file query-v1.pdb (PDB, C-alpha atoms)
ATOM      1  CA  MET A   1      90.581  81.653 151.121  1.00  0.00           C
ATOM      2  CA  ALA A   2      91.714  78.251 149.900  1.00  0.00           C
ATOM      3  CA  ALA A   3      95.298  79.478 150.151  1.00  0.00           C
ATOM      4  CA  ALA A   4      94.735  80.312 153.822  1.00  0.00           C
ATOM      5  CA  ALA A   5      93.318  76.840 154.418  1.00  0.00           C
ATOM      6  CA  ALA A   6      96.217  75.218 152.593  1.00  0.00           C
ATOM      7  CA  ALA A   7      98.724  77.281 154.568  1.00  0.00           C
ATOM      8  CA  THR A   8      97.297  76.080 157.882  1.00  0.00           C
ATOM      9  CA  GLY A   9      97.346  72.474 156.748  1.00  0.00           C
ATOM     10  CA  SER A  10      93.665  71.799 157.362  1.00  0.00           C
ATOM     11  CA  GLY A  11      90.638  71.797 155.122  1.00  0.00           C
ATOM     12  CA  THR A  12      89.041  74.731 156.928  1.00  0.00           C
ATOM     13  CA  PRO A  13      90.313  78.307 157.010  1.00  0.00           C
ATOM     14  CA  ARG A  14      91.413  79.675 160.356  1.00  0.00           C
ATOM     15  CA  GLU A  15      90.254  82.977 161.758  1.00  0.00           C
ATOM     16  CA  GLU A  16      92.927  85.626 161.846  1.00  0.00           C
ATOM     17  CA  GLU A  17      94.140  86.602 165.270  1.00  0.00           C
ATOM     18  CA  GLY A  18      94.596  90.209 166.315  1.00  0.00           C
ATOM     19  CA  SER A  19      97.597  91.580 168.193  1.00  0.00           C
ATOM     20  CA  SER A  20      95.917  90.795 171.528  1.00  0.00           C
ATOM     21  CA  GLY A  21      95.524  87.112 170.605  1.00  0.00           C
ATOM     22  CA  GLU A  22      91.743  87.293 170.253  1.00  0.00           C
ATOM     23  CA  THR A  23      90.062  86.012 167.129  1.00  0.00           C
ATOM     24  CA  ALA A  24      88.893  88.636 164.656  1.00  0.00           C
ATOM     25  CA  ALA A  25      85.300  87.369 164.300  1.00  0.00           C
ATOM     26  CA  PRO A  26      83.993  85.114 167.072  1.00  0.00           C
ATOM     27  CA  GLN A  27      81.376  82.612 165.982  1.00  0.00           C
ATOM     28  CA  PRO A  28      77.958  82.901 167.655  1.00  0.00           C
ATOM     29  CA  GLN A  29      77.139  80.166 170.114  1.00  0.00           C
ATOM     30  CA  ALA A  30      73.907  78.302 170.663  1.00  0.00           C
ATOM     31  CA  PRO A  31      71.357  80.250 172.705  1.00  0.00           C
ATOM     32  CA  THR A  32      71.464  77.635 175.472  1.00  0.00           C
ATOM     33  CA  SER A  33      75.146  78.094 176.410  1.00  0.00           C
ATOM     34  CA  GLY A  34      75.791  78.402 180.115  1.00  0.00           C
ATOM     35  CA  SER A  35      78.697  80.846 179.848  1.00  0.00           C
ATOM     36  CA  GLY A  36      76.602  83.721 181.218  1.00  0.00           C
ATOM     37  CA  ALA A  37      77.544  85.978 178.309  1.00  0.00           C
ATOM     38  CA  ARG A  38      74.701  87.563 176.404  1.00  0.00           C
ATOM     39  CA  LEU A  39      74.340  86.002 172.989  1.00  0.00           C
ATOM     40  CA  SER A  40      71.861  88.531 171.654  1.00  0.00           C
ATOM     41  CA  ARG A  41      72.025  92.286 172.005  1.00  0.00           C
ATOM     42  CA  LEU A  42      68.316  92.681 171.334  1.00  0.00           C
ATOM     43  CA  PRO A  43      65.956  91.754 174.161  1.00  0.00           C
ATOM     44  CA  LEU A  44      64.448  88.386 173.247  1.00  0.00           C
ATOM     45  CA  ALA A  45      61.220  89.172 175.084  1.00  0.00           C
ATOM     46  CA  ARG A  46      60.715  92.233 172.877  1.00  0.00           C
ATOM     47  CA  VAL A  47      61.444  90.232 169.719  1.00  0.00           C
ATOM     48  CA  LYS A  48      58.987  87.564 170.856  1.00  0.00           C
ATOM     49  CA  ALA A  49      56.331  90.243 171.471  1.00  0.00           C
ATOM     50  CA  LEU A  50      56.871  91.587 167.950  1.00  0.00           C
ATOM     51  CA  VAL A  51      56.570  88.102 166.471  1.00  0.00           C
ATOM     52  CA  LYS A  52      53.406  87.378 168.438  1.00  0.00           C
ATOM     53  CA  ALA A  53      51.903  90.676 167.215  1.00  0.00           C
ATOM     54  CA  ASP A  54      51.607  89.043 163.781  1.00  0.00           C
ATOM     55  CA  PRO A  55      48.155  87.412 163.571  1.00  0.00           C
ATOM     56  CA  ASP A  56      49.529  84.680 161.279  1.00  0.00           C
ATOM     57  CA  VAL A  57      51.939  83.424 163.962  1.00  0.00           C
ATOM     58  CA  THR A  58      50.477  81.069 166.537  1.00  0.00           C
ATOM     59  CA  LEU A  59      53.614  79.605 168.133  1.00  0.00           C
ATOM     60  CA  ALA A  60      57.238  80.744 168.130  1.00  0.00           C
ATOM     61  CA  GLY A  61      59.967  78.651 169.721  1.00  0.00           C
ATOM     62  CA  GLN A  62      62.905  80.137 171.607  1.00  0.00           C
ATOM     63  CA  GLU A  63      65.362  79.072 168.915  1.00  0.00           C
ATOM     64  CA  ALA A  64      63.298  80.830 166.239  1.00  0.00           C
ATOM     65  CA  ILE A  65      63.126  83.972 168.366  1.00  0.00           C
ATOM     66  CA  PHE A  66      66.897  83.862 168.881  1.00  0.00           C
ATOM     67  CA  ILE A  67      67.541  83.428 165.142  1.00  0.00           C
ATOM     68  CA  LEU A  68      65.219  86.339 164.317  1.00  0.00           C
ATOM     69  CA  ALA A  69      66.941  88.537 166.914  1.00  0.00           C
ATOM     70  CA  ARG A  70      70.379  87.637 165.568  1.00  0.00           C
ATOM     71  CA  ALA A  71      69.257  88.272 161.976  1.00  0.00           C
ATOM     72  CA  ALA A  72      67.908  91.685 162.990  1.00  0.00           C
ATOM     73  CA  GLU A  73      71.219  92.510 164.707  1.00  0.00           C
ATOM     74  CA  LEU A  74      73.196  91.557 161.617  1.00  0.00           C
ATOM     75  CA  PHE A  75      70.862  93.552 159.380  1.00  0.00           C
ATOM     76  CA  VAL A  76      71.151  96.679 161.523  1.00  0.00           C
ATOM     77  CA  GLU A  77      74.923  96.269 161.724  1.00  0.00           C
ATOM     78  CA  THR A  78      75.240  95.906 157.946  1.00  0.00           C
ATOM     79  CA  ILE A  79      73.066  98.867 157.028  1.00  0.00           C
ATOM     80  CA  ALA A  80      74.712 101.020 159.719  1.00  0.00           C
ATOM     81  CA  LYS A  81      78.187 100.226 158.362  1.00  0.00           C
ATOM     82  CA  ASP A  82      77.115 101.046 154.815  1.00  0.00           C
ATOM     83  CA  ALA A  83      75.460 104.288 155.964  1.00  0.00           C
ATOM     84  CA  TYR A  84      78.600 105.186 157.929  1.00  0.00           C
ATOM     85  CA  CYS A  85      80.661 104.753 154.771  1.00  0.00           C
ATOM     86  CA  CYS A  86      78.330 107.249 153.082  1.00  0.00           C
ATOM     87  CA  ALA A  87      78.829 109.655 155.994  1.00  0.00           C
ATOM     88  CA  GLN A  88      82.607 109.286 155.750  1.00  0.00           C
ATOM     89  CA  GLN A  89      82.462 110.149 152.062  1.00  0.00           C
ATOM     90  CA  GLY A  90      80.866 113.422 153.163  1.00  0.00           C
ATOM     91  CA  LYS A  91      83.686 113.925 155.705  1.00  0.00           C
ATOM     92  CA  ARG A  92      81.313 113.362 158.646  1.00  0.00           C
ATOM     93  CA  LYS A  93      81.222 110.953 161.567  1.00  0.00           C
ATOM     94  CA  THR A  94      77.567 111.436 162.451  1.00  0.00           C
ATOM     95  CA  LEU A  95      74.981 109.420 160.559  1.00  0.00           C
ATOM     96  CA  GLN A  96      72.145 111.334 159.005  1.00  0.00           C
ATOM     97  CA  ARG A  97      68.991 110.199 157.287  1.00  0.00           C
ATOM     98  CA  ARG A  98      70.468 110.968 153.885  1.00  0.00           C
ATOM     99  CA  ASP A  99      73.283 108.498 154.658  1.00  0.00           C
ATOM    100  CA  LEU A 100      70.716 105.735 155.109  1.00  0.00           C
ATOM    101  CA  ASP A 101      69.001 106.831 151.895  1.00  0.00           C
ATOM    102  CA  ASN A 102      72.340 106.724 150.051  1.00  0.00           C
ATOM    103  CA  ALA A 103      73.181 103.287 151.473  1.00  0.00           C
ATOM    104  CA  ILE A 104      69.771 101.951 150.425  1.00  0.00           C
ATOM    105  CA  GLU A 105      70.256 103.301 146.899  1.00  0.00           C
ATOM    106  CA  ALA A 106      73.865 102.075 146.611  1.00  0.00           C
ATOM    107  CA  VAL A 107      73.437  98.483 147.827  1.00  0.00           C
ATOM    108  CA  ASP A 108      71.254  96.141 145.776  1.00  0.00           C
ATOM    109  CA  GLU A 109      70.391  94.003 148.811  1.00  0.00           C
ATOM    110  CA  PHE A 110      68.590  97.011 150.339  1.00  0.00           C
ATOM    111  CA  ALA A 111      66.394  97.627 147.285  1.00  0.00           C
ATOM    112  CA  PHE A 112      63.344  96.368 149.199  1.00  0.00           C
ATOM    113  CA  LEU A 113      63.725  99.377 151.523  1.00  0.00           C
ATOM    114  CA  GLU A 114      63.487 102.013 148.795  1.00  0.00           C
ATOM    115  CA  GLY A 115      60.767 104.498 149.629  1.00  0.00           C
ATOM    116  CA  THR A 116      60.261 103.274 153.204  1.00  0.00           C
ATOM    117  CA  LEU A 117      61.875 106.339 154.777  1.00  0.00           C
ATOM    118  CA  ASP A 118      59.628 108.767 152.890  1.00  0.00           C
TER
END
call {"tool": "encode", "arguments": {"input": "query-v1.pdb", "output": "structure tokens"}}
result
Amino acid sequence: MAAAAAATGSGTPREEEGSSGETAAPQPQAPTSGSGARLSRLPLARVKALVKADPDVTLAGQEAIFILARAAELFVETIAKDAYCCAQQGKRKTLQRRDLDNAIEAVDEFAFLEGTLD
């Protein structure tokens, strides 16, 4: 990555642009942007209700709710991609429960999920 930064002449690496001129991985914006675009795919009201269901939580700010929603989105995206790779190894395009089980077993970061689907 340092070579990419050196090639652009700045200290920070640039995002690669696709053939349509769009950046490959747009950076998330602050939850208070006025662009009108949705910054979270999960409904924030539902995330807030889940957080408030915990008896240990008394207050939860909007920024915390947004961060939790974004973290959940990234988690679901990551495990879905890993499970899809397991499905592709079986020459399938449809995810099955065993694909999630295989992804959980194969990736160390998902070790905390072992046995939760039983």
call {"tool": "residues_around", "arguments": {"input": "query-v1.pdb", "residues": "Thr116 in chain A", "least_positions_apart": "2", "cutoff": "12 Å", "atoms": "only C-alpha atoms", "output": "ChimeraX atom specification"}}
result
/A:97,100-101,104-105,110-114,118
call {"tool": "atom_distance", "arguments": {"input": "query-v1.pdb", "atom1": "CA of Glu73 in chain A", "atom2": "CA of Gly90 in chain A"}}
result
25.8 Å
call {"tool": "axis_aligned_box", "arguments": {"input": "query-v1.pdb", "around": "range 96-114 of chain A", "padding_each_side": "8 Å", "output": "lines of an AutoDock Vina configuration file"}}
result
center_x = 68.6
center_y = 102.7
center_z = 152.4
size_x = 26.5
size_y = 33.3
size_z = 29.2
call {"tool": "atom_distance", "arguments": {"input": "query-v1.pdb", "atom1": "CA of Ala53 in chain A", "atom2": "CA of Ile67 in chain A"}}
result
17.4 Å
call {"tool": "residues_around", "arguments": {"input": "query-v1.pdb", "residues": "Ala64 in chain A", "least_positions_apart": "5", "cutoff": "12 Å", "atoms": "only C-alpha atoms", "output": "list in words"}}
result
Ala30, Pro31, Leu44, Val47, Lys48, Val51, Val57, Leu59, Ala69, Arg70 and Ala71 of chain A
call {"tool": "atom_distance", "arguments": {"input": "query-v1.pdb", "atom1": "CA of Tyr84 in chain A", "atom2": "CA of Arg38 in chain A"}}
result
25.8 Å
call {"tool": "residues_around", "arguments": {"input": "query-v1.pdb", "residues": "Asp99 in chain A", "least_positions_apart": "6", "cutoff": "9 Å", "atoms": "all atoms listed in the file", "output": "MDAnalysis selection string"}}
result
chainID A and resid 82:87
call {"tool": "closest_residue", "arguments": {"input": "query-v1.pdb", "among": "A:Gln89, A:Gly115, A:Ile65, A:Asp108", "to": "Arg46 in chain A", "atoms": "all atoms listed in the file"}}
result
A:Ile65
call {"tool": "closest_residue", "arguments": {"input": "query-v1.pdb", "among": "A:Val107, A:Ala45, A:Ala80, A:Leu50", "to": "Gln62 in chain A", "atoms": "only C-alpha atoms"}}
result
A:Ala45
call {"tool": "closest_residue", "arguments": {"input": "query-v1.pdb", "among": "A:Gln88, A:Gln96, A:Ser40, A:Asn102", "to": "Glu63 in chain A", "atoms": "all atoms listed in the file"}}
result
A:Ser40
